[in-house]
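Trainee: I am attaching a structure below and will ask some questions about it afterwards.
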Amino acid sequence: MTNRTPRSAGHPYQNPALTPDERTEDLVARMTLEEKAGQLFHTMLAMNPDGTPIETGDPSMVPMSTTDLLETKGLTHFNLLGTYGAREMALWQNTLQERAASTRLGIPVTVSTDPRNAFTDNPGTALNAGAFSQWPEPIGLGAIGDAELVHRFADTVRREYLAVGFRVALHPQIDLATDPRWSRQSGTFGNDARLTGELAAAYIRGLQGDTLGTQSVATMVKHFPGGGPQKDGEDPHFPHGKEQVYPGGMRDYHLAPFRAAIAAGASQMMPYYGQPIGTDWEEVAFGFNKDVITDLLRDELGFTGIVCTDWGLLTDAEIFGEKSVARAWGVEHLTRAERAAKSLDAGVDQFGGEQCPELIVELVRSGRITEARIDTSVRRLLREKFILGLFDNPYVDIDAAERIVGNAEFTAAGEDAQRRALTVLTNHDALLPLTGTPKLYLHGVRPEAAAPYGQVVTDPAEADLAVVRLATPFEERPNKFESFFHSGDLAFRPAELAPLLDLMKTVPTLVCINLDRAAVLPEIADHAAALLADFGASDTALLDVAFGHATPQGRLPFELPSSMAAVAASREDVPNDTENPVFPAGHGLTL
């Protein structure tokens, strides 16, 4: 697609020969307070399946129309929700940029996305790969532990994102998975701080390059200062999970990966929802916490990039028809404007998942916040747009998007990583690798995927081998949004376990369990003929490993506890802290 320029041309900020700093200063000087306020919000948009913008709003997650957000509210940073075709995403991106170019100053849009190259499908954390190449979850990359592979993965994501116009990745997530119950573990690299820092640096350089530029995707690293140690492993999206605790005194351990990310040049940082309890930090959520954002992140660690809050800190919302309170933990008593002021005072530049620039205008007009303070954040946000090249050509090539996204090379690389991440936990009597064409009884495996490997039978008594795929247990939660977050109990219930143990007595059974969290599975480990863990893998990837066509290389990125009593007795901030685990962290057999 040919280059296009904003309608009003000829100002210094539109001159690519000037430096990003020069262009930024010229643009900021031309902006009204209302236009500046719009830059401080980074909210969600959805699109129609045919690539056209949505104008009706969507009360489940996106309550305002595209026109209202872009033209009335003046926002220019958007997080695209939903899974669509590559061509349609590219078309939508270009339409959005054309609309932005027609506004008074022609400020281009920056489009961001949660991870969308794996298997998770949670509207609050990550999207199923869809048209994109499909790799194991980040926890699977942690199980492999190969920084070169992570760099290759991130570079692939960069090329796919650029093809459809994503210029900010709302990842990597470099929290440490120290509490076995926490719902966000699959998005991490595990609980090893050194390895996580190494992989985080490779990930950031794969997306951004050595320096941020026109071929970069900026990274919004999360969740500072490390979101793993939530009290009882609950999630701070929800009021009952708001407290973050350090009973083992390992606060610096959780900070270590962020030091590595800053050294690697991370462009943006997202503070977590959590409210620290029992530390020398103010007991307010990190998005309002000056001790953490200014004193620690900026002054001590030297971070100079953009700080954007996690989504929904200011405003109560309706999600899937149910009320969701603002995650204003510790400052629930403040008004929305007072919350915004406290966050700005703490050092935040941008509010995620919010669309209320009128609050910023109100704060400045009332004298509570100076316009100079707003300018500081606006400069950071606009400067990144200039560095990314958005002012000079924000458009994408629609035909190229179809060719690049999910192409054969990227898809094959993702499938190879799925195989490598598979982790062999037990292999009794050297069952694996399998040979010949055995009769296979299947549970949780597609018959069409298994047919090339053996004869599929429907009666386990007739089978030579059963192949069973399981998910890590979790507690059902009544809230629709929370139902996407697997939390609570990690143990199989007796009603689930009994038929599985009966099957194992009937026929040798290969069990593969998806470890989105650290399952409690001592009985399964004892009775399965072979036990594997996957972190996002297709049926074909599993069967290729089982039949010796590929080599599994995974090692557990966290221990697997022996009981929920052991989990409850462990300390939330301490890695691998349960008594007598069934398998220790780092366990994995070779075939």
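Here's how to read the names in the structure tokens: chain A, B, ... by the order shown, residue numbers from 1 in each chain, ligand numbers from 1 in the order shown.
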If we count only C-alpha atoms, what is near stretch 196-211 of chain A at a cut-off of 10 Å, once residues fewer than 4 positions away on the same chain are taken out, given as a PyMOL selection string?

Mentor: chain A and resi 138+141-142+145-159+161+167-169+171-176+188-192+215-221+255-267+387-388

Trainee: Could you pull out the residues in stretch 65-191 of chain A that DSSP calls alpha helix (DSSP H) from the backbone, as a count of residues only?

Mentor: 43

Trainee: I'd like the contact shell of A:Thr43 - 6 Å cut-off, only C-alpha atoms, skipping same-chain residues fewer than 5 positions apart - returned as a tab-separated table (two decimals) with N, CA and C atoms, in the first residue's frame.

Mentor:
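Result went into out_24.tsv, see below:
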```
chain	number	residue	atom	x	y	z
A	78	PHE	N	-5.44	1.94	21.07
A	78	PHE	CA	-6.53	0.96	21.18
A	78	PHE	C	-6.00	-0.46	21.24
A	79	ASN	N	-6.66	-1.26	22.08
A	79	ASN	CA	-6.37	-2.67	22.25
A	79	ASN	C	-7.46	-3.46	21.52
A	352	GLY	N	-5.08	2.16	31.20
A	352	GLY	CA	-5.53	1.07	30.36
A	352	GLY	C	-7.01	0.76	30.57
A	353	GLY	N	-7.70	0.45	29.47
A	353	GLY	CA	-9.09	0.04	29.54
A	353	GLY	C	-10.06	1.11	29.99
A	354	GLU	N	-9.65	2.35	29.90
A	354	GLU	CA	-10.49	3.48	30.31
A	354	GLU	C	-10.65	4.44	29.13
```

Trainee: List as an MDAnalysis selection string the protein and nucleic acid residues near A:Asn15, meaning an atom at most 12 Å away when only C-alpha atoms are counted, but skip any in the same chain fewer than 2 places from it.

Mentor: chainID A and resid 5:6 9:13 17:24 26:27 386 389 391:392

Trainee: With only C-alpha atoms as the counted atoms, please give the residues lying no more than 12 Å from A:Pro460, apart from itself and same-chain residues fewer than 2 positions off, as an MDAnalysis selection string.

Mentor: chainID A and resid 439:443 456:458 462:468 499:500 502:509

Trainee: Please produce a file of those selected residues containing N, CA, C and O atoms, as a short mmCIF file (atom, residue, chain, number, x, y, z; two decimals), in the first residue's frame.

Mentor:
```cif
data_model
loop_
_atom_site.label_atom_id
_atom_site.label_comp_id
_atom_site.auth_asym_id
_atom_site.auth_seq_id
_atom_site.Cartn_x
_atom_site.Cartn_y
_atom_site.Cartn_z
N LYS A 439 -3.89 -50.62 18.66
CA LYS A 439 -5.29 -50.24 18.80
C LYS A 439 -5.38 -49.20 19.91
O LYS A 439 -4.95 -49.45 21.04
N LEU A 440 -5.97 -48.06 19.59
CA LEU A 440 -5.95 -46.91 20.49
C LEU A 440 -7.36 -46.54 20.96
O LEU A 440 -8.27 -46.33 20.14
N TYR A 441 -7.54 -46.51 22.27
CA TYR A 441 -8.76 -45.96 22.86
C TYR A 441 -8.45 -44.51 23.24
O TYR A 441 -7.43 -44.22 23.89
N LEU A 442 -9.33 -43.59 22.87
CA LEU A 442 -9.04 -42.16 23.02
C LEU A 442 -10.00 -41.47 23.97
O LEU A 442 -11.20 -41.77 23.99
N HIS A 443 -9.45 -40.56 24.74
CA HIS A 443 -10.28 -39.66 25.55
C HIS A 443 -9.63 -38.27 25.48
O HIS A 443 -8.49 -38.09 25.89
N VAL A 456 -8.15 -46.80 15.77
CA VAL A 456 -8.96 -46.22 16.84
C VAL A 456 -10.11 -47.17 17.16
O VAL A 456 -10.85 -47.59 16.27
N VAL A 457 -10.25 -47.48 18.45
CA VAL A 457 -11.35 -48.34 18.91
C VAL A 457 -12.16 -47.60 19.96
O VAL A 457 -11.68 -46.67 20.60
N THR A 458 -13.40 -48.02 20.13
CA THR A 458 -14.30 -47.33 21.06
C THR A 458 -14.46 -48.07 22.39
O THR A 458 -15.07 -47.55 23.32
N GLU A 462 -10.77 -53.54 24.14
CA GLU A 462 -10.20 -53.98 22.86
C GLU A 462 -8.89 -53.28 22.52
O GLU A 462 -8.23 -53.63 21.54
N ALA A 463 -8.50 -52.30 23.34
CA ALA A 463 -7.36 -51.46 23.00
C ALA A 463 -6.05 -52.04 23.50
O ALA A 463 -5.99 -52.75 24.52
N ASP A 464 -4.99 -51.72 22.78
CA ASP A 464 -3.63 -51.98 23.26
C ASP A 464 -3.15 -50.85 24.17
O ASP A 464 -2.30 -51.08 25.04
N LEU A 465 -3.72 -49.67 23.94
CA LEU A 465 -3.27 -48.49 24.69
C LEU A 465 -4.41 -47.47 24.72
O LEU A 465 -5.11 -47.29 23.72
N ALA A 466 -4.57 -46.83 25.85
CA ALA A 466 -5.46 -45.66 25.93
C ALA A 466 -4.61 -44.40 25.92
O ALA A 466 -3.54 -44.36 26.54
N VAL A 467 -5.09 -43.40 25.19
CA VAL A 467 -4.42 -42.10 25.17
C VAL A 467 -5.43 -41.08 25.69
O VAL A 467 -6.50 -40.89 25.09
N VAL A 468 -5.07 -40.45 26.80
CA VAL A 468 -6.01 -39.57 27.51
C VAL A 468 -5.38 -38.18 27.65
O VAL A 468 -4.23 -38.05 28.08
N PRO A 499 -13.18 -42.94 37.34
CA PRO A 499 -13.23 -43.58 36.02
C PRO A 499 -11.87 -43.62 35.33
O PRO A 499 -11.58 -44.55 34.57
N LEU A 500 -11.03 -42.62 35.64
CA LEU A 500 -9.70 -42.60 35.04
C LEU A 500 -8.85 -43.75 35.61
O LEU A 500 -8.15 -44.46 34.85
N ASP A 502 -10.01 -46.53 36.85
CA ASP A 502 -10.60 -47.76 36.30
C ASP A 502 -10.06 -48.03 34.90
O ASP A 502 -9.75 -49.19 34.55
N LEU A 503 -9.95 -46.98 34.09
CA LEU A 503 -9.42 -47.14 32.74
C LEU A 503 -7.98 -47.64 32.79
O LEU A 503 -7.59 -48.55 32.02
N MET A 504 -7.20 -47.10 33.70
CA MET A 504 -5.79 -47.49 33.80
C MET A 504 -5.63 -48.94 34.23
O MET A 504 -4.63 -49.59 33.90
N LYS A 505 -6.62 -49.45 34.98
CA LYS A 505 -6.59 -50.87 35.36
C LYS A 505 -6.97 -51.77 34.19
O LYS A 505 -6.58 -52.95 34.14
N THR A 506 -7.73 -51.21 33.24
CA THR A 506 -8.22 -51.99 32.10
C THR A 506 -7.17 -52.10 30.99
O THR A 506 -7.01 -53.16 30.37
N VAL A 507 -6.46 -51.01 30.75
CA VAL A 507 -5.55 -50.96 29.61
C VAL A 507 -4.40 -50.01 29.96
O VAL A 507 -4.60 -49.03 30.68
N PRO A 508 -3.17 -50.31 29.51
CA PRO A 508 -2.08 -49.35 29.72
C PRO A 508 -2.48 -47.98 29.17
O PRO A 508 -3.02 -47.89 28.05
N THR A 509 -2.24 -46.95 29.94
CA THR A 509 -2.78 -45.63 29.60
C THR A 509 -1.67 -44.58 29.58
O THR A 509 -0.93 -44.42 30.55
#
```

Trainee: Just checking: using only C-alpha atoms, which residue out of A:Gly74, A:Gly302, A:Gly213, A:Gly454 ends up closest to A:Thr32?

Mentor: A:Gly74

Trainee: When distances are computed from only C-alpha atoms, which of A:Arg251, A:Arg571, A:Arg327, A:Arg446 shows the smallest separation from A:Leu542?

Mentor: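 The answer is A:Arg446, which sits nearest to A:Leu542.
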
Trainee: A:Asn514: which residues within 8 Å, counting only C-alpha atoms, same-chain residues fewer than 4 positions away excluded, as a short mmCIF file (atom, residue, chain, number, x, y, z; two decimals) with N, CA, C and O atoms, in the first residue's frame?

Mentor:
```cif
data_model
loop_
_atom_site.label_atom_id
_atom_site.label_comp_id
_atom_site.auth_asym_id
_atom_site.auth_seq_id
_atom_site.Cartn_x
_atom_site.Cartn_y
_atom_site.Cartn_z
N ARG A 469 -6.14 -37.17 27.29
CA ARG A 469 -5.70 -35.79 27.52
C ARG A 469 -6.58 -35.15 28.59
O ARG A 469 -7.82 -35.25 28.53
N LEU A 470 -5.95 -34.51 29.56
CA LEU A 470 -6.65 -33.90 30.69
C LEU A 470 -6.26 -32.44 30.82
O LEU A 470 -5.21 -32.01 30.33
N ALA A 471 -7.11 -31.70 31.51
CA ALA A 471 -6.80 -30.32 31.89
C ALA A 471 -6.57 -30.27 33.38
O ALA A 471 -7.11 -31.08 34.15
N THR A 472 -5.77 -29.33 33.83
CA THR A 472 -5.57 -29.12 35.26
C THR A 472 -6.90 -28.72 35.91
O THR A 472 -7.59 -27.84 35.40
N ALA A 533 3.30 -33.93 30.29
CA ALA A 533 2.70 -32.62 30.49
C ALA A 533 2.82 -31.83 29.21
O ALA A 533 3.86 -31.88 28.53
N ASP A 534 1.75 -31.12 28.88
CA ASP A 534 1.85 -30.18 27.75
C ASP A 534 1.53 -28.79 28.23
O ASP A 534 0.85 -28.59 29.25
N PHE A 535 2.02 -27.82 27.49
CA PHE A 535 1.82 -26.40 27.81
C PHE A 535 1.25 -25.68 26.59
O PHE A 535 1.57 -24.53 26.32
N GLY A 536 0.37 -26.40 25.90
CA GLY A 536 -0.16 -25.92 24.64
C GLY A 536 0.42 -26.75 23.52
O GLY A 536 1.55 -26.51 23.08
#
```

Trainee: Just asking: which residues within stretch 275-440 of chain A are strand (DSSP E) according to DSSP, as a list in words?

Mentor: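 Matching residues, listed in order: Gln275, Pro276, Ile306, Val307, Ala317, Glu318, Ile319, Glu322, Lys323, Ser324, Phe351, Gly352, Thr423, Val424, Leu425, Thr426, Asn427, Lys439 and Leu440 of chain A.
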
Trainee: Could you state the separation of atom CA of A:Glu55 and atom CA of A:Gly106 in Å, given to one decimal place?

Mentor: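 One can read the atom CA of A:Glu55 to atom CA of A:Gly106 distance as 20.6 Å.
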
Trainee: Have a look at A:Ser377, A:Thr435, A:Ser570, A:Asn407 and name the one nearest to A:Val28; count only C-alpha atoms.

Mentor: A:Ser377

Trainee: Can you work out which one of A:Ala519, A:Ala449, A:Leu422, A:Val245 has the shortest atom-to-atom distance to A:Leu591, counting only C-alpha atoms?

Mentor: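 The closest residue to A:Leu591 is A:Leu422.
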
Trainee: So that I can see what lies close to A:Thr540, please list as a list in words the residues with an atom at most 10 Å from it, counting only C-alpha atoms and leaving out residues fewer than 5 positions away in the same chain.

Mentor: Glu415, Gln418, Arg419, Val445, Arg446, Glu448, Ala449, Ala450, Pro452, Tyr453, Val545 and Ala546 of chain A

Trainee: Quick one: write out the picked residues with N, CA, C and O atoms as a PDB file, in the first residue's frame?

Mentor:
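And here is the file that came out, result-v4.pdb:
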```pdb
ATOM      1  N   GLU A 415       4.683 -25.399  15.516  1.00  0.00           N
ATOM      2  CA  GLU A 415       4.387 -26.803  15.790  1.00  0.00           C
ATOM      3  C   GLU A 415       5.619 -27.527  16.333  1.00  0.00           C
ATOM      4  O   GLU A 415       5.509 -28.385  17.218  1.00  0.00           O
ATOM      5  N   GLN A 418       5.855 -26.686  19.944  1.00  0.00           N
ATOM      6  CA  GLN A 418       4.881 -27.451  20.735  1.00  0.00           C
ATOM      7  C   GLN A 418       5.440 -28.819  21.092  1.00  0.00           C
ATOM      8  O   GLN A 418       5.303 -29.284  22.244  1.00  0.00           O
ATOM      9  N   ARG A 419       6.070 -29.481  20.140  1.00  0.00           N
ATOM     10  CA  ARG A 419       6.638 -30.808  20.391  1.00  0.00           C
ATOM     11  C   ARG A 419       7.787 -30.728  21.400  1.00  0.00           C
ATOM     12  O   ARG A 419       7.888 -31.551  22.312  1.00  0.00           O
ATOM     13  N   VAL A 445      -8.833 -36.806  22.736  1.00  0.00           N
ATOM     14  CA  VAL A 445      -7.995 -36.768  21.541  1.00  0.00           C
ATOM     15  C   VAL A 445      -8.899 -36.973  20.330  1.00  0.00           C
ATOM     16  O   VAL A 445      -9.757 -37.874  20.338  1.00  0.00           O
ATOM     17  N   ARG A 446      -8.704 -36.174  19.309  1.00  0.00           N
ATOM     18  CA  ARG A 446      -9.551 -36.285  18.120  1.00  0.00           C
ATOM     19  C   ARG A 446      -9.227 -37.567  17.348  1.00  0.00           C
ATOM     20  O   ARG A 446      -8.060 -37.834  17.032  1.00  0.00           O
ATOM     21  N   GLU A 448      -9.571 -38.325  14.266  1.00  0.00           N
ATOM     22  CA  GLU A 448      -8.932 -38.072  12.968  1.00  0.00           C
ATOM     23  C   GLU A 448      -7.450 -37.758  13.127  1.00  0.00           C
ATOM     24  O   GLU A 448      -6.636 -38.019  12.221  1.00  0.00           O
ATOM     25  N   ALA A 449      -7.069 -37.184  14.285  1.00  0.00           N
ATOM     26  CA  ALA A 449      -5.645 -36.935  14.536  1.00  0.00           C
ATOM     27  C   ALA A 449      -4.909 -38.231  14.837  1.00  0.00           C
ATOM     28  O   ALA A 449      -3.743 -38.408  14.474  1.00  0.00           O
ATOM     29  N   ALA A 450      -5.595 -39.186  15.512  1.00  0.00           N
ATOM     30  CA  ALA A 450      -4.942 -40.436  15.917  1.00  0.00           C
ATOM     31  C   ALA A 450      -4.921 -41.486  14.814  1.00  0.00           C
ATOM     32  O   ALA A 450      -4.089 -42.411  14.859  1.00  0.00           O
ATOM     33  N   PRO A 452      -3.754 -41.792  11.788  1.00  0.00           N
ATOM     34  CA  PRO A 452      -2.500 -42.154  11.107  1.00  0.00           C
ATOM     35  C   PRO A 452      -1.522 -42.949  11.975  1.00  0.00           C
ATOM     36  O   PRO A 452      -0.545 -43.508  11.465  1.00  0.00           O
ATOM     37  N   TYR A 453      -1.762 -43.025  13.289  1.00  0.00           N
ATOM     38  CA  TYR A 453      -0.808 -43.637  14.203  1.00  0.00           C
ATOM     39  C   TYR A 453      -1.227 -45.030  14.659  1.00  0.00           C
ATOM     40  O   TYR A 453      -0.415 -45.786  15.168  1.00  0.00           O
ATOM     41  N   VAL A 545       5.363 -37.153  19.432  1.00  0.00           N
ATOM     42  CA  VAL A 545       6.296 -37.437  20.524  1.00  0.00           C
ATOM     43  C   VAL A 545       6.094 -38.866  21.034  1.00  0.00           C
ATOM     44  O   VAL A 545       7.059 -39.611  21.249  1.00  0.00           O
ATOM     45  N   ALA A 546       4.849 -39.268  21.231  1.00  0.00           N
ATOM     46  CA  ALA A 546       4.572 -40.600  21.773  1.00  0.00           C
ATOM     47  C   ALA A 546       5.112 -41.708  20.875  1.00  0.00           C
ATOM     48  O   ALA A 546       5.565 -42.749  21.369  1.00  0.00           O
TER      49      ALA A 546
END
```

Trainee: Can you tell me how far atom CA of A:Val520 sits from atom CA of A:Ile139, in Å to one decimal?

Mentor: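 Between these atoms lies a distance of 17.5 Å.
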
Trainee: Counting only C-alpha atoms, which residue out of A:Gly548, A:Pro447, A:Gly347, A:Gly274 sits closest to A:Leu431?

Mentor: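 Nearest to A:Leu431: A:Gly548.
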
Trainee: From the set A:Ala100, A:Ile293, A:Ala326, A:Leu560, which residue has the shortest atom-to-atom contact distance to A:Thr72, counting only C-alpha atoms?

Mentor: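 The answer is A:Ala100, which sits nearest to A:Thr72.
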
Trainee: What does the structure give for the distance between atom CA of A:Ala90 and atom CA of A:Ile398, in Å to one decimal?

Mentor: 5.4 Å
